[in-house]
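Before any comments, here is the structure.
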Amino acid sequence: MKRIVLASVCVLALSATFPPDTANALPLYKSVFDSLYVPRTPRLKTNCAVCHPSKSKRELNRYGRTLAEELRGKDTKDPAVIAQAMKAIKHLFPGLPKSGD
């Protein structure tokens, strides 16, 4: 019984010490990106690599870091806010297809 209690306390302590990431890698971001750029380029296939350079979702590439900075302090669950941020940084990434603005 003592081992179960001790294990539970350890799990709770570790959970409090290392909370889950609040990463913004959400399907919402992909759908907003797709709505801005994919209709203009139908063969463009997007995935997590738009913002992440590898399978590790903790790492961000240049676009992901710039977008995260632009979204800092804003409502990151509002598609209009995300779209506005993506449009605001587009000039820094001339390789992106033209958006509808």
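In the structure tokens, the first chain shown is A, the next is B, and so on; residue numbers restart at 1 for each chain, and ligands run from 1 in the order shown.
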* Asked: Skipping near chain neighbours, those fewer than 2 positions away, what residues fall within 10 Å of range 50-64 of chain A using only C-alpha atoms, listed as a list in words?
  ->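 In the requested form, the answer reads Asp21, Ala23, Asn24, Ala25, Tyr29, Lys30, Phe33, Lys45, Thr46, Asn47, Cys48, Thr66, Leu67, Ala68, Glu69, Glu70, Met86, Ile89, Lys90, Leu92 and Phe93 of chain A.
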* What is the distance between CA of Asp34 in chain A and CA of Arg72 in chain A, in Å to one decimal? ->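 About the pair CA of Asp34 in chain A and CA of Arg72 in chain A: they are 21.4 Å apart.
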